[in-house]
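Undergrad: Below is a structure I'd like to ask you about.
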Amino acid sequence: MNTTQKKEWGESFKKDLMASTVAVFADYKGLTAVQADQVRKVVRDKGGKIRVLKNNVARVACKDGFSSEVTGVLDGTVGPTMVAFSFGDPAAVAKAIYDFAKDNDALKLKDSVLGDKKLAAADIEGLAKLPSKEVMVAMFLGVLNAPARNFVSVLAAVPRGLVTALAAVEKKKAGA
(Lines give C-alpha, C1' and ligand atoms only; values in the text may rest on other atoms or scores of the structure.)
Protein backbone atom coordinates (compact mmCIF):
# COMPACT_ATOMS: atom_id res chain seq x y z
CA MET A 1 0.00 0.00 0.00
CA ASN A 2 1.59 3.28 -1.05
CA THR A 3 1.38 6.57 0.86
CA THR A 4 -1.55 7.92 -1.15
CA GLN A 5 -3.58 4.76 -0.59
CA LYS A 6 -2.75 4.86 3.13
CA LYS A 7 -3.96 8.46 3.34
CA GLU A 8 -7.20 7.63 1.52
CA TRP A 9 -7.78 4.58 3.72
CA GLY A 10 -7.05 6.62 6.85
CA GLU A 11 -9.46 9.39 5.87
CA SER A 12 -12.15 6.84 5.02
CA PHE A 13 -11.64 5.07 8.37
CA LYS A 14 -11.73 8.39 10.23
CA LYS A 15 -15.01 9.31 8.48
CA ASP A 16 -16.57 5.95 9.42
CA LEU A 17 -15.40 6.27 13.03
CA MET A 18 -16.80 9.80 13.33
CA ALA A 19 -20.14 8.85 11.77
CA SER A 20 -20.63 5.66 13.78
CA THR A 21 -22.59 5.35 17.00
CA VAL A 22 -20.47 2.38 18.08
CA ALA A 23 -17.31 0.75 16.75
CA VAL A 24 -16.75 -2.79 18.03
CA PHE A 25 -13.15 -3.97 17.75
CA ALA A 26 -12.42 -7.71 17.56
CA ASP A 27 -9.42 -9.97 16.99
CA TYR A 28 -10.27 -12.13 14.00
CA LYS A 29 -7.11 -14.29 13.90
CA GLY A 30 -8.19 -17.87 13.26
CA LEU A 31 -11.46 -17.09 11.47
CA THR A 32 -11.88 -18.91 8.18
CA ALA A 33 -12.83 -16.96 5.07
CA VAL A 34 -16.34 -18.42 5.24
CA GLN A 35 -16.73 -17.32 8.89
CA ALA A 36 -15.42 -13.84 8.05
CA ASP A 37 -18.00 -13.59 5.27
CA GLN A 38 -20.71 -14.75 7.69
CA VAL A 39 -19.86 -12.08 10.27
CA ARG A 40 -19.78 -9.41 7.55
CA LYS A 41 -23.22 -10.49 6.33
CA VAL A 42 -24.68 -10.53 9.86
CA VAL A 43 -23.36 -7.02 10.57
CA ARG A 44 -24.47 -5.72 7.16
CA ASP A 45 -27.98 -7.09 7.82
CA LYS A 46 -28.06 -5.02 11.04
CA GLY A 47 -27.15 -1.84 9.15
CA GLY A 48 -23.46 -1.92 10.02
CA LYS A 49 -20.18 -2.19 8.21
CA ILE A 50 -16.99 -4.17 8.89
CA ARG A 51 -13.50 -3.03 8.05
CA VAL A 52 -10.16 -4.67 8.70
CA LEU A 53 -8.10 -2.27 10.77
CA LYS A 54 -4.68 -1.16 9.62
CA ASN A 55 -3.38 -0.28 13.08
CA ASN A 56 -0.66 2.25 12.34
CA VAL A 57 -2.55 3.97 9.53
CA ALA A 58 -5.62 4.31 11.79
CA ARG A 59 -3.52 5.71 14.64
CA VAL A 60 -1.99 8.37 12.40
CA ALA A 61 -5.30 9.27 10.73
CA CYS A 62 -7.20 9.55 14.02
CA LYS A 63 -4.68 11.28 16.25
CA ASP A 64 -6.58 14.58 15.85
CA GLY A 65 -10.29 15.17 16.29
CA PHE A 66 -11.05 12.40 18.78
CA SER A 67 -11.15 12.15 22.56
CA SER A 68 -8.21 10.72 24.46
CA GLU A 69 -10.30 7.61 25.17
CA VAL A 70 -10.79 6.90 21.46
CA THR A 71 -7.12 7.48 20.63
CA GLY A 72 -6.26 5.30 23.64
CA VAL A 73 -8.31 2.44 22.18
CA LEU A 74 -6.54 2.84 18.84
CA ASP A 75 -3.12 3.05 20.52
CA GLY A 76 -3.82 -0.14 22.46
CA THR A 77 -4.91 -2.09 19.41
CA VAL A 78 -2.39 -4.69 18.28
CA GLY A 79 -2.62 -7.66 15.97
CA PRO A 80 -5.23 -8.46 13.36
CA THR A 81 -8.32 -6.44 14.16
CA MET A 82 -11.68 -5.99 12.49
CA VAL A 83 -13.96 -3.10 13.34
CA ALA A 84 -17.74 -3.34 13.11
CA PHE A 85 -19.32 0.10 12.73
CA SER A 86 -22.95 0.83 13.53
CA PHE A 87 -24.45 3.94 12.01
CA GLY A 88 -27.86 3.48 13.64
CA ASP A 89 -28.86 1.34 16.60
CA PRO A 90 -25.62 0.56 18.47
CA ALA A 91 -27.12 -2.41 20.30
CA ALA A 92 -28.00 -4.24 17.06
CA VAL A 93 -24.44 -4.45 15.74
CA ALA A 94 -23.01 -5.10 19.21
CA LYS A 95 -25.48 -7.97 19.64
CA ALA A 96 -24.59 -9.40 16.22
CA ILE A 97 -20.83 -9.35 16.94
CA TYR A 98 -21.29 -10.61 20.51
CA ASP A 99 -23.49 -13.52 19.40
CA PHE A 100 -21.06 -14.42 16.62
CA ALA A 101 -18.10 -14.29 19.04
CA LYS A 102 -20.01 -16.50 21.48
CA ASP A 103 -20.43 -19.15 18.76
CA ASN A 104 -16.91 -18.80 17.29
CA ASP A 105 -13.95 -18.90 19.66
CA ALA A 106 -11.66 -17.45 17.00
CA LEU A 107 -13.38 -14.03 17.22
CA LYS A 108 -12.32 -12.26 20.41
CA LEU A 109 -13.78 -8.91 21.41
CA LYS A 110 -11.44 -6.04 22.26
CA ASP A 111 -11.91 -2.63 23.85
CA SER A 112 -14.25 -0.66 21.62
CA VAL A 113 -15.71 2.82 21.16
CA LEU A 114 -19.22 4.02 21.99
CA GLY A 115 -19.59 7.61 20.76
CA ASP A 116 -16.42 9.20 22.09
CA LYS A 117 -16.07 6.90 25.11
CA LYS A 118 -14.03 3.74 25.59
CA LEU A 119 -16.12 0.61 25.94
CA ALA A 120 -14.36 -2.31 27.64
CA ALA A 121 -14.64 -5.70 25.96
CA ALA A 122 -16.74 -6.96 28.88
CA ASP A 123 -19.17 -4.04 28.49
CA ILE A 124 -20.05 -5.11 24.95
CA GLU A 125 -22.07 -7.95 26.47
CA GLY A 126 -24.16 -5.40 28.39
CA LEU A 127 -24.71 -3.35 25.25
CA ALA A 128 -25.60 -6.50 23.31
CA LYS A 129 -28.22 -7.48 25.88
CA LEU A 130 -30.04 -4.16 25.66
CA PRO A 131 -33.39 -4.34 23.89
CA SER A 132 -33.58 -2.78 20.45
CA LYS A 133 -34.33 0.91 20.08
CA GLU A 134 -37.91 0.20 18.95
CA VAL A 135 -38.57 -1.97 22.03
CA MET A 136 -37.11 0.68 24.34
CA VAL A 137 -39.30 3.39 22.76
CA ALA A 138 -42.36 1.16 23.17
CA MET A 139 -41.48 0.56 26.83
CA PHE A 140 -41.06 4.31 27.38
CA LEU A 141 -44.38 5.09 25.72
CA GLY A 142 -46.04 2.45 27.91
CA VAL A 143 -44.65 4.19 31.00
CA LEU A 144 -45.91 7.55 29.74
CA ASN A 145 -49.35 6.08 29.01
CA ALA A 146 -49.76 4.39 32.42
CA PRO A 147 -50.92 7.46 34.44
CA ALA A 148 -53.58 8.36 31.87
CA ARG A 149 -54.80 4.73 31.70
CA ASN A 150 -54.97 4.55 35.51
CA PHE A 151 -56.85 7.88 35.69
CA VAL A 152 -59.44 6.69 33.18
CA SER A 153 -59.79 3.44 35.14
CA VAL A 154 -60.48 5.38 38.36
CA LEU A 155 -63.04 7.60 36.60
CA ALA A 156 -64.78 4.54 35.12
CA ALA A 157 -64.95 2.82 38.53
CA VAL A 158 -67.68 5.12 39.91
CA PRO A 159 -70.27 4.44 37.17
CA ARG A 160 -69.28 0.76 37.14
CA GLY A 161 -69.90 0.57 40.91
CA LEU A 162 -73.27 2.27 40.51
CA VAL A 163 -74.32 -0.14 37.78
CA THR A 164 -73.20 -3.10 39.92
CA ALA A 165 -75.20 -1.79 42.91
CA LEU A 166 -78.32 -1.21 40.76
CA ALA A 167 -77.99 -4.71 39.31
CA ALA A 168 -77.77 -6.16 42.83
CA VAL A 169 -80.88 -4.19 43.93
CA GLU A 170 -82.76 -5.36 40.83
CA LYS A 171 -81.76 -8.98 41.49
CA LYS A 172 -82.83 -8.68 45.12
CA LYS A 173 -86.23 -7.24 44.16
CA ALA A 174 -86.71 -9.85 41.43
CA GLY A 175 -85.99 -12.63 43.95
CA ALA A 176 -88.35 -11.27 46.63
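Every chain in the C-alpha coordinates has a letter given in the order shown (A, B, ...), and although residue numbers restart at 1 in each chain, ligands are simply numbered from 1 in the order shown.
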Contacts of Ala26 (chain A) at 6 Å or less, counting only C-alpha atoms, minus same-chain residues fewer than 4 places along, as a list in words?
TA: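 Result of the neighbour search: Thr81, Met82, Lys108, Leu109 and Lys110 of chain A.
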Undergrad: Once you have the residues from the selection above, write them out as a short mmCIF file (atom, residue, chain, number, x, y, z; two decimals), in the first residue's frame, restricted to N, CA and C atoms.
TA:
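And here is the file that came out, again.cif:
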```cif
data_model
loop_
_atom_site.label_atom_id
_atom_site.label_comp_id
_atom_site.auth_asym_id
_atom_site.auth_seq_id
_atom_site.Cartn_x
_atom_site.Cartn_y
_atom_site.Cartn_z
N THR A 81 -7.11 -6.98 13.55
CA THR A 81 -8.32 -6.44 14.16
C THR A 81 -9.34 -6.07 13.10
N MET A 82 -10.59 -6.46 13.35
CA MET A 82 -11.68 -5.99 12.49
C MET A 82 -12.53 -5.05 13.33
N LYS A 108 -12.43 -12.73 19.04
CA LYS A 108 -12.32 -12.26 20.41
C LYS A 108 -12.53 -10.75 20.45
N LEU A 109 -13.46 -10.33 21.30
CA LEU A 109 -13.78 -8.91 21.41
C LEU A 109 -12.67 -8.16 22.11
N LYS A 110 -12.44 -6.93 21.67
CA LYS A 110 -11.44 -6.04 22.26
C LYS A 110 -12.13 -4.79 22.79
#
```
Undergrad: Leaving out region 61-75 of chain A and any residue of its chain fewer than 2 positions from it, which residues lie within 7 Å of it when counting only C-alpha atoms, given as a VMD selection string?
TA: chain A and resid 10 to 11 14 57 to 59 77 111 to 113 116 to 118
Undergrad: With DSSP run on the backbone, what are the strand (DSSP E) residues within chain A? I'd like them as number ranges by chain.
TA: A: 22-27, 48-53, 81-86, 108-109, 112-114, 117-119
Undergrad: Kindly provide the residues of region 83-115 of chain A that approach region 128-132 of chain A to within 8 Å, each paired with its closest atom pair and their distance in Å to one decimal, based on only C-alpha atoms, listed by chain and increasing number, as a Markdown table.
TA:
```
| residue | atom | partner | partner_atom | distance |
| --- | --- | --- | --- | --- |
| A:Asp89 | CA | A:Ser132 | CA | 7.4 |
| A:Ala91 | CA | A:Ala128 | CA | 5.3 |
| A:Ala92 | CA | A:Ser132 | CA | 6.7 |
| A:Val93 | CA | A:Ala128 | CA | 7.9 |
| A:Ala94 | CA | A:Ala128 | CA | 5.1 |
| A:Lys95 | CA | A:Ala128 | CA | 4.0 |
| A:Ala96 | CA | A:Ala128 | CA | 7.7 |
| A:Tyr98 | CA | A:Ala128 | CA | 6.6 |
```
Undergrad: Considering only C-alpha atoms, state which residue in the set A:Gly30, A:Phe140, A:Lys54, A:Val24 is at the smallest distance from Gln5 (chain A).
TA: A:Lys54
Undergrad: Identify which of the residues A:Asn2, A:Gly79, A:Leu144, A:Phe87 lies closest to Lys15 (chain A), counting only C-alpha atoms when measuring atom-to-atom distances.
TA: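 For Lys15 (chain A), the nearest of the candidates is A:Phe87.
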Undergrad: Quick one, how far is CA of Pro147 (chain A) from CA of Val163 (chain A)?
TA: 24.8 Å
Undergrad: Can you pull out every residue within 9 Å of Pro90 (chain A), counting only C-alpha atoms, but drop anything in the same chain fewer than 5 positions away, and send it as a PyMOL selection string?
TA: chain A and resi 20-23+85+95+114+127-128+132-133
Undergrad: Find the distance between CA of Gly126 (chain A) and CA of Ser12 (chain A) and write it in Å to one decimal.
TA: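 Going from CA of Gly126 (chain A) over to CA of Ser12 (chain A), I get 29.0 Å.
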Undergrad: Can you tell me how far CA of Gly88 (chain A) sits from CA of Asn104 (chain A), in Å to one decimal?
TA: 25.1 Å
Undergrad: So, counting only C-alpha atoms, which residue among A:Ser86, A:Val154, A:Val34, A:Asp16 is closest to Gly47 (chain A)?
TA: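 Looking at the shortest contact to Gly47 (chain A), the residue is A:Ser86.
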